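Colleague: One structure, pasted below without further comment.
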Amino acid sequence: MDEGSFPKPVLIYDGDCAFCTRSVNVLKRLPIDAEVTAYQFTDLELYGTTEERATHEVLWVDPTGRIHGGAQAVARLLISAGGIYAAAGWMLRTPPVRWIAAGVYRLIANNRQRMPGGTAACALPPAARGSVSG
């Protein structure tokens with residue numbers, strides 16, 4: 001496989017965050033043809049990204065290697081699911097909904113430890129997570 005060329009899209013999320021994991025488990029029920037993996041078990045360098053970015057936001061890597069983060073990653077996932085999901089995804093890509101979605105995504109991501117299913121570990125940097133039980 002050439003660098004920057006992948007057989008199908010990849011959704012990369014924070015597997016140490018219970019809220020993120022639960023959210024991804026809901027999204028995996030959609031009819032998507034993508035790999036879904038926690039960044040902790042992923043060769044991030046292969047996808048052209050970093051642990052810092054992967055802890056900051058969910059990532060969608062399309063088959064060409066282009067990375068979409070946060071609300072736009074969710075939009076791409078929805079588009080790939082087709083049907084009514086694709087319509088929602090395209091809406092998330094259109095200004096001003098795009099800007100609102102980015103703000104809502106950041107608000108949720110910055111407070112994920114307070115969200116249903118979130119744990120204290122969600123708020124910690126990766127190096128400090130081993131000392132917190134969830």
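Here, A, B, ... name the chains of the structure tokens in the order displayed, residue numbers run from 1 inside each chain, and ligands are numbered from 1 in the same displayed order.
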Would you kindly return, as a PyMOL selection string, each protein, DNA or RNA residue with an atom no farther than 12 Å from any atom of Thr42 of chain A, considering only C-alpha atoms and excluding same-chain residues fewer than 2 positions away?

Modeller: chain A and resi 10-15+35-40+44-51+54+59

Colleague: Need to verify the contact set: Ile32 of chain A, 10 Å, only C-alpha atoms, exclusion of same-chain residues closer than 4 positions in sequence. Can you return it as a VMD selection string?

Modeller: chain A and resid 9 27 to 28 36 77 to 82

Colleague: Output N, CA, C and O atoms for every residue in that selection, as an mmCIF file, in the first residue's frame.

Modeller:
```
data_model
loop_
_atom_site.group_PDB
_atom_site.id
_atom_site.type_symbol
_atom_site.label_atom_id
_atom_site.label_comp_id
_atom_site.auth_asym_id
_atom_site.auth_seq_id
_atom_site.Cartn_x
_atom_site.Cartn_y
_atom_site.Cartn_z
ATOM 1 N N PRO A 9 -11.721 4.229 4.268
ATOM 2 C CA PRO A 9 -11.523 5.250 5.305
ATOM 3 C C PRO A 9 -11.277 4.623 6.680
ATOM 4 O O PRO A 9 -11.642 3.470 6.926
ATOM 5 N N LEU A 27 -21.999 4.955 16.576
ATOM 6 C CA LEU A 27 -21.728 5.250 15.161
ATOM 7 C C LEU A 27 -21.415 3.990 14.359
ATOM 8 O O LEU A 27 -21.728 3.914 13.166
ATOM 9 N N LYS A 28 -20.820 2.992 15.004
ATOM 10 C CA LYS A 28 -20.479 1.746 14.301
ATOM 11 C C LYS A 28 -21.719 0.970 13.864
ATOM 12 O O LYS A 28 -21.634 0.084 13.033
ATOM 13 N N VAL A 36 -12.585 1.238 12.103
ATOM 14 C CA VAL A 36 -12.794 2.052 13.293
ATOM 15 C C VAL A 36 -11.804 1.559 14.328
ATOM 16 O O VAL A 36 -11.823 0.378 14.693
ATOM 17 N N LEU A 77 -18.105 10.603 8.180
ATOM 18 C CA LEU A 77 -18.623 9.286 8.536
ATOM 19 C C LEU A 77 -20.091 9.178 8.140
ATOM 20 O O LEU A 77 -20.505 8.185 7.541
ATOM 21 N N LEU A 78 -20.882 10.205 8.443
ATOM 22 C CA LEU A 78 -22.301 10.189 8.097
ATOM 23 C C LEU A 78 -22.500 10.131 6.587
ATOM 24 O O LEU A 78 -23.363 9.393 6.094
ATOM 25 N N ILE A 79 -21.720 10.885 5.839
ATOM 26 C CA ILE A 79 -21.813 10.865 4.384
ATOM 27 C C ILE A 79 -21.529 9.460 3.862
ATOM 28 O O ILE A 79 -22.220 8.964 2.971
ATOM 29 N N SER A 80 -20.543 8.803 4.445
ATOM 30 C CA SER A 80 -20.185 7.454 3.986
ATOM 31 C C SER A 80 -21.280 6.435 4.273
ATOM 32 O O SER A 80 -21.363 5.410 3.604
ATOM 33 N N ALA A 81 -22.139 6.730 5.257
ATOM 34 C CA ALA A 81 -23.223 5.811 5.606
ATOM 35 C C ALA A 81 -24.356 5.858 4.583
ATOM 36 O O ALA A 81 -25.162 4.937 4.512
ATOM 37 N N GLY A 82 -24.432 6.926 3.810
ATOM 38 C CA GLY A 82 -25.459 7.037 2.773
ATOM 39 C C GLY A 82 -26.820 7.414 3.320
ATOM 40 O O GLY A 82 -27.014 7.614 4.519
#
```

Colleague: Of the residues A:Phe19, A:Pro63, A:Pro95, A:Ala88, which is the one nearest to Ala75 of chain A, using only C-alpha atoms?

Modeller: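 When distances to Ala75 of chain A are compared using only C-alpha atoms, the smallest one comes from A:Ala88.
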
Colleague: Apply DSSP to the structure's backbone, then extract all residues of chain A labelled alpha helix (DSSP H) and return them as number ranges by chain.

Modeller: A: 18-27, 51-56, 71-81, 83-92, 97-110

Colleague: Could you write out the selected residues, including C-alpha atoms, as a PDB file, in the first residue's frame?

Modeller:
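Output file out_27.pdb follows:
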```
ATOM      1  CA  ALA A  18     -15.385   6.012  27.915  1.00  0.00           C
ATOM      2  CA  PHE A  19     -17.602   8.727  26.391  1.00  0.00           C
ATOM      3  CA  CYS A  20     -15.687   8.561  23.103  1.00  0.00           C
ATOM      4  CA  THR A  21     -15.844   4.771  23.047  1.00  0.00           C
ATOM      5  CA  ARG A  22     -19.596   4.742  23.699  1.00  0.00           C
ATOM      6  CA  SER A  23     -20.150   7.368  21.010  1.00  0.00           C
ATOM      7  CA  VAL A  24     -18.124   5.388  18.485  1.00  0.00           C
ATOM      8  CA  ASN A  25     -20.013   2.202  19.362  1.00  0.00           C
ATOM      9  CA  VAL A  26     -23.249   3.993  18.434  1.00  0.00           C
ATOM     10  CA  LEU A  27     -21.728   5.250  15.161  1.00  0.00           C
ATOM     11  CA  GLU A  51      -1.119  11.431  19.373  1.00  0.00           C
ATOM     12  CA  GLU A  52      -1.662  15.078  20.315  1.00  0.00           C
ATOM     13  CA  ARG A  53      -4.212  15.514  17.538  1.00  0.00           C
ATOM     14  CA  ALA A  54      -5.843  12.123  18.167  1.00  0.00           C
ATOM     15  CA  THR A  55      -6.463  13.033  21.817  1.00  0.00           C
ATOM     16  CA  HIS A  56      -7.887  16.409  20.762  1.00  0.00           C
ATOM     17  CA  ALA A  71     -17.279  17.644  13.592  1.00  0.00           C
ATOM     18  CA  GLN A  72     -16.010  17.261  10.031  1.00  0.00           C
ATOM     19  CA  ALA A  73     -14.843  13.723  10.810  1.00  0.00           C
ATOM     20  CA  VAL A  74     -18.355  12.947  12.009  1.00  0.00           C
ATOM     21  CA  ALA A  75     -19.775  14.596   8.869  1.00  0.00           C
ATOM     22  CA  ARG A  76     -17.582  12.407   6.634  1.00  0.00           C
ATOM     23  CA  LEU A  77     -18.623   9.286   8.536  1.00  0.00           C
ATOM     24  CA  LEU A  78     -22.301  10.189   8.097  1.00  0.00           C
ATOM     25  CA  ILE A  79     -21.813  10.865   4.384  1.00  0.00           C
ATOM     26  CA  SER A  80     -20.185   7.454   3.986  1.00  0.00           C
ATOM     27  CA  ALA A  81     -23.223   5.811   5.606  1.00  0.00           C
ATOM     28  CA  GLY A  83     -29.176   7.802   2.764  1.00  0.00           C
ATOM     29  CA  ILE A  84     -30.546  10.118   5.417  1.00  0.00           C
ATOM     30  CA  TYR A  85     -27.209   9.932   7.249  1.00  0.00           C
ATOM     31  CA  ALA A  86     -25.449  11.366   4.196  1.00  0.00           C
ATOM     32  CA  ALA A  87     -27.928  14.247   4.093  1.00  0.00           C
ATOM     33  CA  ALA A  88     -27.094  15.034   7.729  1.00  0.00           C
ATOM     34  CA  GLY A  89     -23.379  14.763   6.956  1.00  0.00           C
ATOM     35  CA  TRP A  90     -23.631  17.167   4.012  1.00  0.00           C
ATOM     36  CA  MET A  91     -25.558  19.584   6.216  1.00  0.00           C
ATOM     37  CA  LEU A  92     -22.725  19.459   8.773  1.00  0.00           C
ATOM     38  CA  VAL A  97     -24.072  24.717  10.227  1.00  0.00           C
ATOM     39  CA  ARG A  98     -20.405  23.735   9.805  1.00  0.00           C
ATOM     40  CA  TRP A  99     -19.303  26.512  12.166  1.00  0.00           C
ATOM     41  CA  ILE A 100     -21.974  25.722  14.723  1.00  0.00           C
ATOM     42  CA  ALA A 101     -21.115  22.009  14.585  1.00  0.00           C
ATOM     43  CA  ALA A 102     -17.432  22.806  15.164  1.00  0.00           C
ATOM     44  CA  GLY A 103     -18.317  24.852  18.256  1.00  0.00           C
ATOM     45  CA  VAL A 104     -20.655  22.205  19.641  1.00  0.00           C
ATOM     46  CA  TYR A 105     -18.090  19.475  18.972  1.00  0.00           C
ATOM     47  CA  ARG A 106     -15.364  21.439  20.799  1.00  0.00           C
ATOM     48  CA  LEU A 107     -17.695  22.167  23.742  1.00  0.00           C
ATOM     49  CA  ILE A 108     -18.502  18.466  24.097  1.00  0.00           C
ATOM     50  CA  ALA A 109     -14.891  17.341  23.553  1.00  0.00           C
ATOM     51  CA  ASN A 110     -13.597  19.794  26.143  1.00  0.00           C
TER      52      ASN A 110
END
```

Colleague: One decimal, Å: what's the distance from atom CA of Arg66 of chain A over to atom CA of Arg93 of chain A, could you say?

Modeller: 15.5 Å

Colleague: I need the residues of chain A that end up classed as strand (DSSP E or B) by DSSP on the backbone, written out as a CSV table (one decimal) with all heavy atoms, in the first residue's frame.

Modeller:
```
chain,number,residue,atom,x,y,z
A,10,VAL,N,-10.7,5.4,7.6
A,10,VAL,CA,-10.4,5.0,8.9
A,10,VAL,C,-10.9,6.1,9.9
A,10,VAL,O,-10.6,7.3,9.7
A,10,VAL,CB,-8.9,4.8,9.1
A,10,VAL,CG1,-8.6,4.4,10.6
A,10,VAL,CG2,-8.3,3.8,8.1
A,11,LEU,N,-11.7,5.6,10.9
A,11,LEU,CA,-12.1,6.5,12.0
A,11,LEU,C,-11.2,6.2,13.2
A,11,LEU,O,-11.1,5.1,13.6
A,11,LEU,CB,-13.6,6.3,12.3
A,11,LEU,CG,-14.1,7.2,13.4
A,11,LEU,CD1,-14.3,8.6,12.9
A,11,LEU,CD2,-15.4,6.7,14.0
A,12,ILE,N,-10.5,7.2,13.6
A,12,ILE,CA,-9.6,7.1,14.8
A,12,ILE,C,-10.1,7.9,16.0
A,12,ILE,O,-10.5,9.1,15.8
A,12,ILE,CB,-8.2,7.6,14.4
A,12,ILE,CG1,-7.6,6.8,13.2
A,12,ILE,CG2,-7.2,7.5,15.6
A,12,ILE,CD1,-6.4,7.4,12.6
A,13,TYR,N,-10.3,7.2,17.1
A,13,TYR,CA,-10.8,7.9,18.3
A,13,TYR,C,-10.0,7.6,19.5
A,13,TYR,O,-9.1,6.8,19.5
A,13,TYR,CB,-12.3,7.4,18.5
A,13,TYR,CG,-12.4,6.0,18.9
A,13,TYR,CD1,-12.6,5.6,20.2
A,13,TYR,CD2,-12.3,5.0,17.9
A,13,TYR,CE1,-12.7,4.3,20.6
A,13,TYR,CE2,-12.4,3.6,18.3
A,13,TYR,CZ,-12.6,3.3,19.6
A,13,TYR,OH,-12.7,2.0,20.0
A,35,GLU,N,-12.7,1.4,8.6
A,35,GLU,CA,-12.1,0.8,9.8
A,35,GLU,C,-12.3,1.8,10.9
A,35,GLU,O,-12.3,3.0,10.7
A,35,GLU,CB,-10.5,0.7,9.6
A,35,GLU,CG,-10.0,-0.6,9.1
A,35,GLU,CD,-8.5,-0.5,9.1
A,35,GLU,OE1,-7.9,-0.5,10.2
A,35,GLU,OE2,-7.9,-0.6,8.0
A,36,VAL,N,-12.6,1.2,12.1
A,36,VAL,CA,-12.8,2.1,13.3
A,36,VAL,C,-11.8,1.6,14.3
A,36,VAL,O,-11.8,0.4,14.7
A,36,VAL,CB,-14.2,1.9,13.8
A,36,VAL,CG1,-14.4,2.8,15.0
A,36,VAL,CG2,-15.2,2.4,12.7
A,37,THR,N,-10.9,2.4,14.8
A,37,THR,CA,-9.9,2.0,15.7
A,37,THR,C,-9.5,3.1,16.7
A,37,THR,O,-9.6,4.3,16.4
A,37,THR,CB,-8.6,1.6,14.9
A,37,THR,OG1,-7.6,1.1,15.8
A,37,THR,CG2,-8.0,2.8,14.1
A,38,ALA,N,-9.1,2.7,17.9
A,38,ALA,CA,-8.6,3.6,18.9
A,38,ALA,C,-7.2,4.0,18.5
A,38,ALA,O,-6.4,3.2,18.0
A,38,ALA,CB,-8.7,2.9,20.3
A,59,LEU,N,-10.8,11.5,14.4
A,59,LEU,CA,-10.2,11.7,13.1
A,59,LEU,C,-10.8,10.8,12.0
A,59,LEU,O,-11.0,9.6,12.3
A,59,LEU,CB,-8.7,11.5,13.1
A,59,LEU,CG,-8.0,12.4,14.1
A,59,LEU,CD1,-6.5,12.0,14.2
A,59,LEU,CD2,-8.1,13.9,13.7
A,60,TRP,N,-11.1,11.3,10.8
A,60,TRP,CA,-11.5,10.5,9.7
A,60,TRP,C,-10.4,10.6,8.6
A,60,TRP,O,-10.2,11.8,8.2
A,60,TRP,CB,-12.8,11.0,9.2
A,60,TRP,CG,-13.4,10.3,8.0
A,60,TRP,CD1,-13.2,10.7,6.7
A,60,TRP,CD2,-14.2,9.2,8.0
A,60,TRP,NE1,-13.9,9.8,5.8
A,60,TRP,CE2,-14.5,8.8,6.6
A,60,TRP,CE3,-14.7,8.3,9.0
A,60,TRP,CZ2,-15.3,7.8,6.2
A,60,TRP,CZ3,-15.5,7.2,8.6
A,60,TRP,CH2,-15.8,7.0,7.3
A,61,VAL,N,-9.8,9.5,8.3
A,61,VAL,CA,-8.8,9.5,7.3
A,61,VAL,C,-9.4,8.9,6.0
A,61,VAL,O,-9.8,7.7,6.1
A,61,VAL,CB,-7.5,8.7,7.7
A,61,VAL,CG1,-6.4,8.8,6.6
A,61,VAL,CG2,-7.0,9.2,9.1
A,67,ILE,N,-7.0,14.0,6.1
A,67,ILE,CA,-7.5,13.9,7.5
A,67,ILE,C,-8.6,15.0,7.8
A,67,ILE,O,-8.3,16.1,7.5
A,67,ILE,CB,-6.4,14.0,8.5
A,67,ILE,CG1,-5.4,12.9,8.3
A,67,ILE,CG2,-6.9,13.9,10.0
A,67,ILE,CD1,-4.1,13.0,9.1
A,68,HIS,N,-9.7,14.5,8.3
A,68,HIS,CA,-10.7,15.4,8.7
A,68,HIS,C,-10.9,15.2,10.2
A,68,HIS,O,-11.0,14.1,10.7
A,68,HIS,CB,-12.0,15.1,8.0
A,68,HIS,CG,-11.9,15.1,6.5
A,68,HIS,ND1,-12.0,16.2,5.7
A,68,HIS,CD2,-11.6,14.1,5.7
A,68,HIS,CE1,-11.8,15.9,4.5
A,68,HIS,NE2,-11.5,14.6,4.4
A,69,GLY,N,-11.0,16.3,11.0
A,69,GLY,CA,-11.1,16.2,12.4
A,69,GLY,C,-12.4,16.8,13.0
A,69,GLY,O,-13.0,17.6,12.4
```
